[in-house]
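Asks: Right, I'll just put the structure down here and ask away after.
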Protein chains: 2
Amino acid sequence: MNWKEQFPQFEPGLIELIEKEAVQRSFNAGDIIMRTGQYIKSTVLVLEGRIKIYRENQDGGEFLMYYLQPGQACAVSMICAIQSGTSEIMAMAEEDSEVLMIPVHLMDDMMNQYKSWYQFVIQTYRGRFDELLSVVDNIAFRNMDERLEFYIKRYVEKAGKKNLEISHQQIADDLNSSREVISRLLKKMEQRGLVKLHRNMIELISS
Amino acid sequence: MNWKEQFPQFEPGLIELIEKEAVQRSFNAGDIIMRTGQYIKSTVLVLEGRIKIYRENQDGGEFLMYYLQPGQACAVSMICAIQSGTSEIMAMAEEDSEVLMIPVHLMDDMMNQYKSWYQFVIQTYRGRFDELLSVVDNIAFRNMDERLEFYIKRYVEKAGKKNLEISHQQIADDLNSSREVISRLLKKMEQRGLVKLHRNMIELISS
DNA sequence: TTCGTCCGGTGATTTGGGTCACAGCCCAGG
DNA sequence: CCTGGGCTGTGACCCAAATCACCGGACGAA
């Protein structure tokens, strides 16, 4: 695919450099792209699909932070890349995805030489930082029912579909809760006329 | 005070520029330095004291994210500065503090011209991002007793004192909990021989 | 000294949500 | 067509933490 469409703001020299040095990779839905503790060798730009960034703790709990979409980049991979560190998060393809991997060692020069890259990095930092802030807000101040509504809202926004094709268990995992709790809350939402529940699918009632 | 001691890594030209353009300001303990929704005009570097960065929601709840200390900078103010945005957080001086305010409009040039500034910004992003990640971990995966222990540990680390001079109510506010809960948990810690409780003061037992 | 106010201690009760147990279902593969 | 495994619904129960109610002690201001 023609990746340049996703990054129209990049200047010609930068595009050339990326074309020469970066590697394009495909992932299937469910593939792990980055793992906690793994050493980072590349900065990841998303071309196609949707990538889930989440935290995992030792007892198997996980917790969704945000999604990356085409035109976005993984802030963690940038930060770690520049400082040659290891990842603190997990990244998994939620849909079949295409990404561009830019080797770490190019970062410094790119930052210095290409204004559009520098802008992009700053913008990426800000975007992810803001998303993290809203994550903190949600778990610090909101109850599960509000968190669930936020989750659903974000899901349809990001996936661009009207319905969620996902099991209750999946949602529970993403919210670090349990299936029963999610099922019950969804039932309540159905009674309030907000959604209609099916097997492996939640239909939104727009009204 | 001689602020340069706090930032030995800055190169001479950068120091000169800051000396010429930046404004030094003092805050008393308890002063609000930055407020949610406020427009950001400067990047803040901490010279002395301790600054608390926290989130506030509409119903008066608050939630401590992290502290800034001498030699550190407010990542939010950098991000917003570069993009001319508004603050999403609150900043309050926990002790009497000195800060250096660098006008927004210098940021771009500084990033381009001074490698040491660029390094500093990147390092600041990474540091704050990591702290936010550990905040998320705490509220997502830990119970109140563990969060309290983490809070105390961090407090003594950052304040550099052996004891916490703080009321239970303050702690409860920082953790977005309630005084009674904190009092009870502290009592349990006292019974386990970890601390000794006094009025407005919690003494750590090192053992 | 004496109040009033802030601080801390503690029981009783409530509630959100996690856990357990189990039942009915849809659906894919044999 | 049958069967077994994943999905959903629901009741019973439990636990952490929030809330309510109230008390006594410390400390500062008058």
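Chain labels run A, B, ... following the order of the structure tokens; each chain numbers its residues from 1, and ligands are numbered from 1 in the order shown.
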Might you pull out every residue within 8 Å of DC7 (chain C), with only C-alpha atoms (C1' of nucleotides) counted and same-chain residues fewer than 2 positions away left off, and present them as number ranges by chain?

Replies: B: 167, 199-200; D: 26

Asks: When you get a sec, could you note down which chain B residues fall within 9 Å of chain A, using only C-alpha atoms, as a PyMOL selection string?

Replies: chain B and resi 55-57+61-63+65+76+79-80+82-83+88-89+111-112+122-123+125-126+129-130+132-133+135-137+139-141+175-176

Asks: Over every C-alpha pair, in sequence order, do a least-squares fit of chain A onto chain B and save the fitted chain as a PDB file with C-alpha atoms, in the first residue's frame.

Replies:
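File written: part12.pdb
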```
ATOM      1  CA  MET A   1      20.224  31.363  44.018  1.00  0.00           C
ATOM      2  CA  ASN A   2      22.473  30.013  41.325  1.00  0.00           C
ATOM      3  CA  TRP A   3      20.103  28.013  39.194  1.00  0.00           C
ATOM      4  CA  LYS A   4      22.809  26.592  36.945  1.00  0.00           C
ATOM      5  CA  GLU A   5      23.751  24.023  39.555  1.00  0.00           C
ATOM      6  CA  GLN A   6      20.446  22.283  39.003  1.00  0.00           C
ATOM      7  CA  PHE A   7      21.062  21.944  35.279  1.00  0.00           C
ATOM      8  CA  PRO A   8      24.757  21.205  34.818  1.00  0.00           C
ATOM      9  CA  GLN A   9      24.084  19.464  31.529  1.00  0.00           C
ATOM     10  CA  PHE A  10      23.004  22.632  29.743  1.00  0.00           C
ATOM     11  CA  GLU A  11      25.484  24.044  27.233  1.00  0.00           C
ATOM     12  CA  PRO A  12      26.855  27.613  27.590  1.00  0.00           C
ATOM     13  CA  GLY A  13      24.781  29.196  24.818  1.00  0.00           C
ATOM     14  CA  LEU A  14      21.609  27.760  26.265  1.00  0.00           C
ATOM     15  CA  ILE A  15      22.472  29.020  29.730  1.00  0.00           C
ATOM     16  CA  GLU A  16      23.042  32.469  28.355  1.00  0.00           C
ATOM     17  CA  LEU A  17      19.727  32.450  26.537  1.00  0.00           C
ATOM     18  CA  ILE A  18      17.836  31.316  29.607  1.00  0.00           C
ATOM     19  CA  GLU A  19      19.618  33.870  31.739  1.00  0.00           C
ATOM     20  CA  LYS A  20      18.494  36.589  29.383  1.00  0.00           C
ATOM     21  CA  GLU A  21      14.921  35.537  28.720  1.00  0.00           C
ATOM     22  CA  ALA A  22      13.614  33.473  31.592  1.00  0.00           C
ATOM     23  CA  VAL A  23      11.884  34.792  34.670  1.00  0.00           C
ATOM     24  CA  GLN A  24      12.470  33.387  38.114  1.00  0.00           C
ATOM     25  CA  ARG A  25       9.496  33.172  40.448  1.00  0.00           C
ATOM     26  CA  SER A  26       8.917  32.149  44.053  1.00  0.00           C
ATOM     27  CA  PHE A  27       5.918  30.314  45.388  1.00  0.00           C
ATOM     28  CA  ASN A  28       4.913  29.627  48.960  1.00  0.00           C
ATOM     29  CA  ALA A  29       3.855  26.209  50.123  1.00  0.00           C
ATOM     30  CA  GLY A  30       0.244  25.776  49.071  1.00  0.00           C
ATOM     31  CA  ASP A  31       0.331  28.223  46.171  1.00  0.00           C
ATOM     32  CA  ILE A  32      -1.261  27.072  42.940  1.00  0.00           C
ATOM     33  CA  ILE A  33       1.204  27.341  40.078  1.00  0.00           C
ATOM     34  CA  MET A  34      -0.942  26.035  37.289  1.00  0.00           C
ATOM     35  CA  ARG A  35      -4.645  25.366  37.054  1.00  0.00           C
ATOM     36  CA  THR A  36      -6.760  23.059  34.903  1.00  0.00           C
ATOM     37  CA  GLY A  37      -7.893  24.845  31.777  1.00  0.00           C
ATOM     38  CA  GLN A  38      -5.407  27.654  32.166  1.00  0.00           C
ATOM     39  CA  TYR A  39      -3.559  28.814  29.105  1.00  0.00           C
ATOM     40  CA  ILE A  40       0.142  28.008  29.230  1.00  0.00           C
ATOM     41  CA  LYS A  41       2.589  30.802  28.493  1.00  0.00           C
ATOM     42  CA  SER A  42       5.773  29.342  29.906  1.00  0.00           C
ATOM     43  CA  THR A  43       7.660  26.146  30.437  1.00  0.00           C
ATOM     44  CA  VAL A  44       8.387  25.554  34.102  1.00  0.00           C
ATOM     45  CA  LEU A  45      11.745  24.367  35.450  1.00  0.00           C
ATOM     46  CA  VAL A  46      12.024  23.618  39.140  1.00  0.00           C
ATOM     47  CA  LEU A  47      14.980  25.111  41.008  1.00  0.00           C
ATOM     48  CA  GLU A  48      14.062  24.526  44.599  1.00  0.00           C
ATOM     49  CA  GLY A  49      11.258  22.996  46.632  1.00  0.00           C
ATOM     50  CA  ARG A  50       8.725  20.416  45.604  1.00  0.00           C
ATOM     51  CA  ILE A  51       5.744  20.685  43.302  1.00  0.00           C
ATOM     52  CA  LYS A  52       2.761  18.419  43.261  1.00  0.00           C
ATOM     53  CA  ILE A  53       1.107  17.598  39.949  1.00  0.00           C
ATOM     54  CA  TYR A  54      -2.439  16.386  40.314  1.00  0.00           C
ATOM     55  CA  ARG A  55      -5.721  15.982  38.568  1.00  0.00           C
ATOM     56  CA  GLU A  56      -8.961  17.513  39.742  1.00  0.00           C
ATOM     57  CA  ASN A  57     -12.462  16.576  38.741  1.00  0.00           C
ATOM     58  CA  GLN A  58     -15.601  18.658  38.830  1.00  0.00           C
ATOM     59  CA  ASP A  59     -17.015  17.248  42.106  1.00  0.00           C
ATOM     60  CA  GLY A  60     -13.990  18.374  44.064  1.00  0.00           C
ATOM     61  CA  GLY A  61     -12.139  15.062  43.968  1.00  0.00           C
ATOM     62  CA  GLU A  62      -8.442  15.252  43.407  1.00  0.00           C
ATOM     63  CA  PHE A  63      -5.771  12.753  42.637  1.00  0.00           C
ATOM     64  CA  LEU A  64      -2.020  13.064  42.998  1.00  0.00           C
ATOM     65  CA  MET A  65       0.015  11.988  39.994  1.00  0.00           C
ATOM     66  CA  TYR A  66       3.597  12.852  40.815  1.00  0.00           C
ATOM     67  CA  TYR A  67       6.023  15.357  42.286  1.00  0.00           C
ATOM     68  CA  LEU A  68       8.496  17.614  40.518  1.00  0.00           C
ATOM     69  CA  GLN A  69      11.803  18.316  42.166  1.00  0.00           C
ATOM     70  CA  PRO A  70      14.788  20.572  41.535  1.00  0.00           C
ATOM     71  CA  GLY A  71      16.337  19.784  38.168  1.00  0.00           C
ATOM     72  CA  GLN A  72      13.041  18.587  36.734  1.00  0.00           C
ATOM     73  CA  ALA A  73      10.547  20.239  34.446  1.00  0.00           C
ATOM     74  CA  CYS A  74       6.825  20.056  33.902  1.00  0.00           C
ATOM     75  CA  ALA A  75       6.224  17.892  30.847  1.00  0.00           C
ATOM     76  CA  VAL A  76       2.702  19.201  30.472  1.00  0.00           C
ATOM     77  CA  SER A  77       3.908  22.753  30.258  1.00  0.00           C
ATOM     78  CA  MET A  78       6.375  21.742  27.544  1.00  0.00           C
ATOM     79  CA  ILE A  79       3.846  19.888  25.484  1.00  0.00           C
ATOM     80  CA  CYS A  80       1.279  22.609  25.790  1.00  0.00           C
ATOM     81  CA  ALA A  81       3.861  25.287  25.212  1.00  0.00           C
ATOM     82  CA  ILE A  82       4.952  23.843  21.919  1.00  0.00           C
ATOM     83  CA  GLN A  83       1.414  23.416  20.756  1.00  0.00           C
ATOM     84  CA  SER A  84       0.016  26.512  22.442  1.00  0.00           C
ATOM     85  CA  GLY A  85      -2.550  24.554  24.342  1.00  0.00           C
ATOM     86  CA  THR A  86      -4.127  24.700  27.754  1.00  0.00           C
ATOM     87  CA  SER A  87      -3.199  22.757  30.855  1.00  0.00           C
ATOM     88  CA  GLU A  88      -5.002  19.555  31.752  1.00  0.00           C
ATOM     89  CA  ILE A  89      -3.587  19.386  35.239  1.00  0.00           C
ATOM     90  CA  MET A  90      -3.063  21.281  38.462  1.00  0.00           C
ATOM     91  CA  ALA A  91       0.347  22.164  39.890  1.00  0.00           C
ATOM     92  CA  MET A  92       0.779  23.245  43.485  1.00  0.00           C
ATOM     93  CA  ALA A  93       3.876  24.047  45.528  1.00  0.00           C
ATOM     94  CA  GLU A  94       4.167  21.545  48.367  1.00  0.00           C
ATOM     95  CA  GLU A  95       7.058  23.425  49.886  1.00  0.00           C
ATOM     96  CA  ASP A  96       8.241  26.947  49.317  1.00  0.00           C
ATOM     97  CA  SER A  97       9.608  26.702  45.798  1.00  0.00           C
ATOM     98  CA  GLU A  98      11.612  28.547  43.195  1.00  0.00           C
ATOM     99  CA  VAL A  99      10.915  28.020  39.531  1.00  0.00           C
ATOM    100  CA  LEU A 100      12.214  29.323  36.257  1.00  0.00           C
ATOM    101  CA  MET A 101       9.628  30.247  33.647  1.00  0.00           C
ATOM    102  CA  ILE A 102      10.802  30.124  30.063  1.00  0.00           C
ATOM    103  CA  PRO A 103       8.507  31.871  27.582  1.00  0.00           C
ATOM    104  CA  VAL A 104       6.777  29.581  25.141  1.00  0.00           C
ATOM    105  CA  HIS A 105       7.964  31.302  22.006  1.00  0.00           C
ATOM    106  CA  LEU A 106      11.579  30.292  22.664  1.00  0.00           C
ATOM    107  CA  MET A 107      10.887  26.573  22.739  1.00  0.00           C
ATOM    108  CA  ASP A 108      11.178  25.926  19.017  1.00  0.00           C
ATOM    109  CA  ASP A 109      14.532  27.623  18.629  1.00  0.00           C
ATOM    110  CA  MET A 110      15.883  26.043  21.758  1.00  0.00           C
ATOM    111  CA  MET A 111      14.919  22.602  20.518  1.00  0.00           C
ATOM    112  CA  ASN A 112      16.622  23.225  17.218  1.00  0.00           C
ATOM    113  CA  GLN A 113      19.756  24.924  18.422  1.00  0.00           C
ATOM    114  CA  TYR A 114      20.668  23.278  21.675  1.00  0.00           C
ATOM    115  CA  LYS A 115      21.232  19.580  21.754  1.00  0.00           C
ATOM    116  CA  SER A 116      21.317  19.620  25.547  1.00  0.00           C
ATOM    117  CA  TRP A 117      17.861  21.165  25.646  1.00  0.00           C
ATOM    118  CA  TYR A 118      16.514  18.624  23.216  1.00  0.00           C
ATOM    119  CA  GLN A 119      17.944  15.832  25.352  1.00  0.00           C
ATOM    120  CA  PHE A 120      16.456  17.387  28.431  1.00  0.00           C
ATOM    121  CA  VAL A 121      13.003  17.613  26.898  1.00  0.00           C
ATOM    122  CA  ILE A 122      13.087  14.011  25.723  1.00  0.00           C
ATOM    123  CA  GLN A 123      14.265  12.868  29.108  1.00  0.00           C
ATOM    124  CA  THR A 124      11.504  14.859  30.790  1.00  0.00           C
ATOM    125  CA  TYR A 125       8.875  13.267  28.574  1.00  0.00           C
ATOM    126  CA  ARG A 126      10.128   9.838  29.312  1.00  0.00           C
ATOM    127  CA  GLY A 127      10.333  10.426  33.026  1.00  0.00           C
ATOM    128  CA  ARG A 128       6.805  11.776  33.345  1.00  0.00           C
ATOM    129  CA  PHE A 129       5.389   9.176  31.001  1.00  0.00           C
ATOM    130  CA  ASP A 130       6.902   6.419  33.095  1.00  0.00           C
ATOM    131  CA  GLU A 131       5.544   7.958  36.251  1.00  0.00           C
ATOM    132  CA  LEU A 132       2.098   8.118  34.713  1.00  0.00           C
ATOM    133  CA  LEU A 133       2.393   4.459  33.798  1.00  0.00           C
ATOM    134  CA  SER A 134       3.163   3.528  37.353  1.00  0.00           C
ATOM    135  CA  VAL A 135       0.220   5.635  38.517  1.00  0.00           C
ATOM    136  CA  VAL A 136      -2.012   3.663  36.187  1.00  0.00           C
ATOM    137  CA  ASP A 137      -0.579   0.421  37.525  1.00  0.00           C
ATOM    138  CA  ASN A 138      -1.318   1.433  41.058  1.00  0.00           C
ATOM    139  CA  ILE A 139      -4.935   2.387  40.643  1.00  0.00           C
ATOM    140  CA  ALA A 140      -5.691  -0.367  38.153  1.00  0.00           C
ATOM    141  CA  PHE A 141      -4.087  -3.276  39.975  1.00  0.00           C
ATOM    142  CA  ARG A 142      -3.519  -2.410  43.620  1.00  0.00           C
ATOM    143  CA  ASN A 143      -5.730  -2.127  46.680  1.00  0.00           C
ATOM    144  CA  MET A 144      -5.751   0.875  48.935  1.00  0.00           C
ATOM    145  CA  ASP A 145      -3.308  -0.593  51.440  1.00  0.00           C
ATOM    146  CA  GLU A 146      -0.649  -1.128  48.793  1.00  0.00           C
ATOM    147  CA  ARG A 147      -1.347   2.255  47.269  1.00  0.00           C
ATOM    148  CA  LEU A 148      -0.885   3.827  50.684  1.00  0.00           C
ATOM    149  CA  GLU A 149       2.447   2.104  51.175  1.00  0.00           C
ATOM    150  CA  PHE A 150       3.548   3.256  47.754  1.00  0.00           C
ATOM    151  CA  TYR A 151       2.462   6.781  48.629  1.00  0.00           C
ATOM    152  CA  ILE A 152       4.464   6.775  51.829  1.00  0.00           C
ATOM    153  CA  LYS A 153       7.519   5.307  50.180  1.00  0.00           C
ATOM    154  CA  ARG A 154       7.448   7.910  47.437  1.00  0.00           C
ATOM    155  CA  TYR A 155       6.831  10.702  49.914  1.00  0.00           C
ATOM    156  CA  VAL A 156       9.904  10.005  52.015  1.00  0.00           C
ATOM    157  CA  GLU A 157      11.958   9.500  48.871  1.00  0.00           C
ATOM    158  CA  LYS A 158      10.915  12.832  47.420  1.00  0.00           C
ATOM    159  CA  ALA A 159      10.746  14.898  50.563  1.00  0.00           C
ATOM    160  CA  GLY A 160      14.052  13.509  51.764  1.00  0.00           C
ATOM    161  CA  LYS A 161      12.818  13.285  55.334  1.00  0.00           C
ATOM    162  CA  LYS A 162      12.402  10.276  57.518  1.00  0.00           C
ATOM    163  CA  ASN A 163       8.888  11.202  58.634  1.00  0.00           C
ATOM    164  CA  LEU A 164       5.790  12.477  56.906  1.00  0.00           C
ATOM    165  CA  GLU A 165       4.531  15.745  58.301  1.00  0.00           C
ATOM    166  CA  ILE A 166       1.052  15.511  56.943  1.00  0.00           C
ATOM    167  CA  SER A 167      -2.487  14.829  58.136  1.00  0.00           C
ATOM    168  CA  HIS A 168      -4.500  11.747  57.292  1.00  0.00           C
ATOM    169  CA  GLN A 169      -6.961  13.968  55.491  1.00  0.00           C
ATOM    170  CA  GLN A 170      -4.217  15.202  53.164  1.00  0.00           C
ATOM    171  CA  ILE A 171      -3.242  11.669  52.279  1.00  0.00           C
ATOM    172  CA  ALA A 172      -6.866  10.738  51.684  1.00  0.00           C
ATOM    173  CA  ASP A 173      -7.215  13.670  49.297  1.00  0.00           C
ATOM    174  CA  ASP A 174      -4.081  12.738  47.386  1.00  0.00           C
ATOM    175  CA  LEU A 175      -5.313   9.177  46.976  1.00  0.00           C
ATOM    176  CA  ASN A 176      -8.896  10.249  46.291  1.00  0.00           C
ATOM    177  CA  SER A 177     -10.053   8.251  49.293  1.00  0.00           C
ATOM    178  CA  SER A 178     -11.514   9.245  52.681  1.00  0.00           C
ATOM    179  CA  ARG A 179      -9.885  10.036  55.976  1.00  0.00           C
ATOM    180  CA  GLU A 180     -11.449   7.171  57.908  1.00  0.00           C
ATOM    181  CA  VAL A 181     -10.124   4.618  55.457  1.00  0.00           C
ATOM    182  CA  ILE A 182      -6.622   6.028  55.605  1.00  0.00           C
ATOM    183  CA  SER A 183      -6.684   6.256  59.393  1.00  0.00           C
ATOM    184  CA  ARG A 184      -7.689   2.617  59.662  1.00  0.00           C
ATOM    185  CA  LEU A 185      -5.070   1.418  57.218  1.00  0.00           C
ATOM    186  CA  LEU A 186      -2.397   3.429  58.976  1.00  0.00           C
ATOM    187  CA  LYS A 187      -3.490   1.895  62.276  1.00  0.00           C
ATOM    188  CA  LYS A 188      -2.975  -1.527  60.758  1.00  0.00           C
ATOM    189  CA  MET A 189       0.463  -0.521  59.549  1.00  0.00           C
ATOM    190  CA  GLU A 190       1.247   0.654  63.062  1.00  0.00           C
ATOM    191  CA  GLN A 191       0.146  -2.717  64.426  1.00  0.00           C
ATOM    192  CA  ARG A 192       2.438  -4.386  61.930  1.00  0.00           C
ATOM    193  CA  GLY A 193       5.235  -2.243  63.294  1.00  0.00           C
ATOM    194  CA  LEU A 194       5.871  -0.328  60.086  1.00  0.00           C
ATOM    195  CA  VAL A 195       5.069   3.159  61.368  1.00  0.00           C
ATOM    196  CA  LYS A 196       4.337   5.082  64.512  1.00  0.00           C
ATOM    197  CA  LEU A 197       1.490   7.589  64.417  1.00  0.00           C
ATOM    198  CA  HIS A 198       1.520  11.064  65.898  1.00  0.00           C
ATOM    199  CA  ARG A 199      -0.540  14.165  65.393  1.00  0.00           C
ATOM    200  CA  ASN A 200       0.190  15.540  61.930  1.00  0.00           C
ATOM    201  CA  MET A 201       3.157  13.228  61.645  1.00  0.00           C
ATOM    202  CA  ILE A 202       3.867   9.665  60.663  1.00  0.00           C
ATOM    203  CA  GLU A 203       7.128   8.228  61.838  1.00  0.00           C
ATOM    204  CA  LEU A 204       8.677   5.477  59.771  1.00  0.00           C
ATOM    205  CA  ILE A 205      10.175   2.521  61.595  1.00  0.00           C
ATOM    206  CA  SER A 206      13.201   1.543  59.593  1.00  0.00           C
ATOM    207  CA  SER A 207      14.050  -1.788  61.267  1.00  0.00           C
TER     208      SER A 207
END
```

Asks: Check the DSSP output for the backbone and give back, as a ChimeraX atom specification, the residues of region 110-180 of chain B in helix (DSSP H, G or I).

Replies: /B:110-113,115-141,144-159,168-174,179-180

Asks: Return the neighbours of chain A among the residues of chain C, cut-off 12 Å, counting only C-alpha atoms (C1' of nucleotides), as a list in words.

Replies: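 Here is what falls inside 12 Å: DT15, DG16, DG17, DG18, DT19, DC20, DC25, DC26 and DC27 of chain C.
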
Asks: Generate the output file for the selected residues, C-alpha atoms (C1' of nucleotides), as an mmCIF file, in the first residue's frame.

Replies:
```
data_model
loop_
_atom_site.group_PDB
_atom_site.id
_atom_site.type_symbol
_atom_site.label_atom_id
_atom_site.label_comp_id
_atom_site.auth_asym_id
_atom_site.auth_seq_id
_atom_site.Cartn_x
_atom_site.Cartn_y
_atom_site.Cartn_z
ATOM 1 C "C1'" DT C 15 -22.585 -0.471 48.359
ATOM 2 C "C1'" DG C 16 -19.903 -1.572 44.221
ATOM 3 C "C1'" DG C 17 -18.001 -5.077 42.394
ATOM 4 C "C1'" DG C 18 -15.408 -9.588 42.512
ATOM 5 C "C1'" DT C 19 -16.209 -14.707 43.041
ATOM 6 C "C1'" DC C 20 -18.644 -19.041 42.824
ATOM 7 C "C1'" DC C 25 -27.518 -21.071 24.472
ATOM 8 C "C1'" DC C 26 -25.408 -21.233 20.042
ATOM 9 C "C1'" DC C 27 -22.345 -23.131 16.869
#
```

Asks: Should the cut-off be 12 Å, what would the residue list for chain D against chain B look like, counting only C-alpha atoms (C1' of nucleotides), as an mmCIF file with N, CA and C atoms (P, O5', C5', C4', C3', O3' and C1' of nucleotides), in the first residue's frame?

Replies:
```cif
data_model
loop_
_atom_site.group_PDB
_atom_site.id
_atom_site.type_symbol
_atom_site.label_atom_id
_atom_site.label_comp_id
_atom_site.auth_asym_id
_atom_site.auth_seq_id
_atom_site.Cartn_x
_atom_site.Cartn_y
_atom_site.Cartn_z
ATOM 1 P P DC D 15 -15.059 -12.819 52.936
ATOM 2 O "O5'" DC D 15 -14.351 -11.553 52.309
ATOM 3 C "C5'" DC D 15 -13.850 -11.598 50.967
ATOM 4 C "C4'" DC D 15 -13.582 -10.161 50.540
ATOM 5 C "C3'" DC D 15 -13.048 -9.292 51.666
ATOM 6 O "O3'" DC D 15 -11.935 -8.603 51.149
ATOM 7 C "C1'" DC D 15 -14.951 -8.282 50.708
ATOM 8 P P DA D 16 -10.949 -7.780 52.055
ATOM 9 O "O5'" DA D 16 -10.889 -6.380 51.294
ATOM 10 C "C5'" DA D 16 -10.753 -6.374 49.870
ATOM 11 C "C4'" DA D 16 -11.104 -4.999 49.356
ATOM 12 C "C3'" DA D 16 -10.457 -3.847 50.093
ATOM 13 O "O3'" DA D 16 -10.063 -2.900 49.123
ATOM 14 C "C1'" DA D 16 -12.841 -3.661 50.240
ATOM 15 P P DA D 17 -9.227 -1.623 49.540
ATOM 16 O "O5'" DA D 17 -10.305 -0.454 49.570
ATOM 17 C "C5'" DA D 17 -11.334 -0.467 48.586
ATOM 18 C "C4'" DA D 17 -12.449 0.456 48.980
ATOM 19 C "C3'" DA D 17 -12.071 1.716 49.755
ATOM 20 O "O3'" DA D 17 -12.652 2.781 49.056
ATOM 21 C "C1'" DA D 17 -13.892 0.646 50.780
ATOM 22 P P DA D 18 -12.483 4.285 49.368
ATOM 23 O "O5'" DA D 18 -13.993 4.772 49.585
ATOM 24 C "C5'" DA D 18 -14.962 4.433 48.601
ATOM 25 C "C4'" DA D 18 -16.328 4.848 49.090
ATOM 26 C "C3'" DA D 18 -16.382 6.231 49.741
ATOM 27 O "O3'" DA D 18 -17.562 6.889 49.293
ATOM 28 C "C1'" DA D 18 -17.164 4.590 51.268
ATOM 29 P P DT D 19 -17.911 8.360 49.791
ATOM 30 O "O5'" DT D 19 -18.916 8.127 50.984
ATOM 31 C "C5'" DT D 19 -20.003 7.237 50.808
ATOM 32 C "C4'" DT D 19 -20.789 7.170 52.097
ATOM 33 C "C3'" DT D 19 -20.884 8.505 52.862
ATOM 34 O "O3'" DT D 19 -22.267 8.754 53.104
ATOM 35 C "C1'" DT D 19 -20.259 6.753 54.308
ATOM 36 P P DC D 20 -22.774 10.113 53.851
ATOM 37 O "O5'" DC D 20 -23.081 9.609 55.326
ATOM 38 C "C5'" DC D 20 -23.838 8.412 55.496
ATOM 39 C "C4'" DC D 20 -24.023 8.131 56.973
ATOM 40 C "C3'" DC D 20 -24.121 9.370 57.860
ATOM 41 O "O3'" DC D 20 -25.132 9.159 58.823
ATOM 42 C "C1'" DC D 20 -22.418 7.977 58.651
ATOM 43 P P DG D 25 -9.788 12.483 76.295
ATOM 44 O "O5'" DG D 25 -8.348 12.553 75.622
ATOM 45 C "C5'" DG D 25 -8.095 11.914 74.379
ATOM 46 C "C4'" DG D 25 -7.188 12.779 73.513
ATOM 47 C "C3'" DG D 25 -6.423 13.865 74.270
ATOM 48 O "O3'" DG D 25 -5.137 13.962 73.684
ATOM 49 C "C1'" DG D 25 -7.745 14.859 72.601
ATOM 50 P P DA D 26 -4.011 14.914 74.295
ATOM 51 O "O5'" DA D 26 -3.831 15.960 73.103
ATOM 52 C "C5'" DA D 26 -3.466 15.483 71.808
ATOM 53 C "C4'" DA D 26 -3.250 16.684 70.891
ATOM 54 C "C3'" DA D 26 -2.409 17.798 71.505
ATOM 55 O "O3'" DA D 26 -1.517 18.246 70.499
ATOM 56 C "C1'" DA D 26 -4.558 18.624 70.911
ATOM 57 P P DC D 27 -0.346 19.275 70.872
ATOM 58 O "O5'" DC D 27 -0.796 20.609 70.138
ATOM 59 C "C5'" DC D 27 -1.565 20.537 68.938
ATOM 60 C "C4'" DC D 27 -2.196 21.885 68.677
ATOM 61 C "C3'" DC D 27 -1.431 23.049 69.322
ATOM 62 O "O3'" DC D 27 -1.396 24.103 68.395
ATOM 63 C "C1'" DC D 27 -3.676 23.117 69.973
#
```

Asks: How many Å separate C1' of DC13 (chain D) from C1' of DG24 (chain C)?

Replies: 22.4 Å

Asks: Pick out each residue of region 36-203 of chain B that DSSP on the backbone tags as strand (DSSP E); I need them as an MDAnalysis selection string.

Replies: chainID B and resid 42:48 51:56 62:68 90:93 97:103 163:164 195:198 201:203
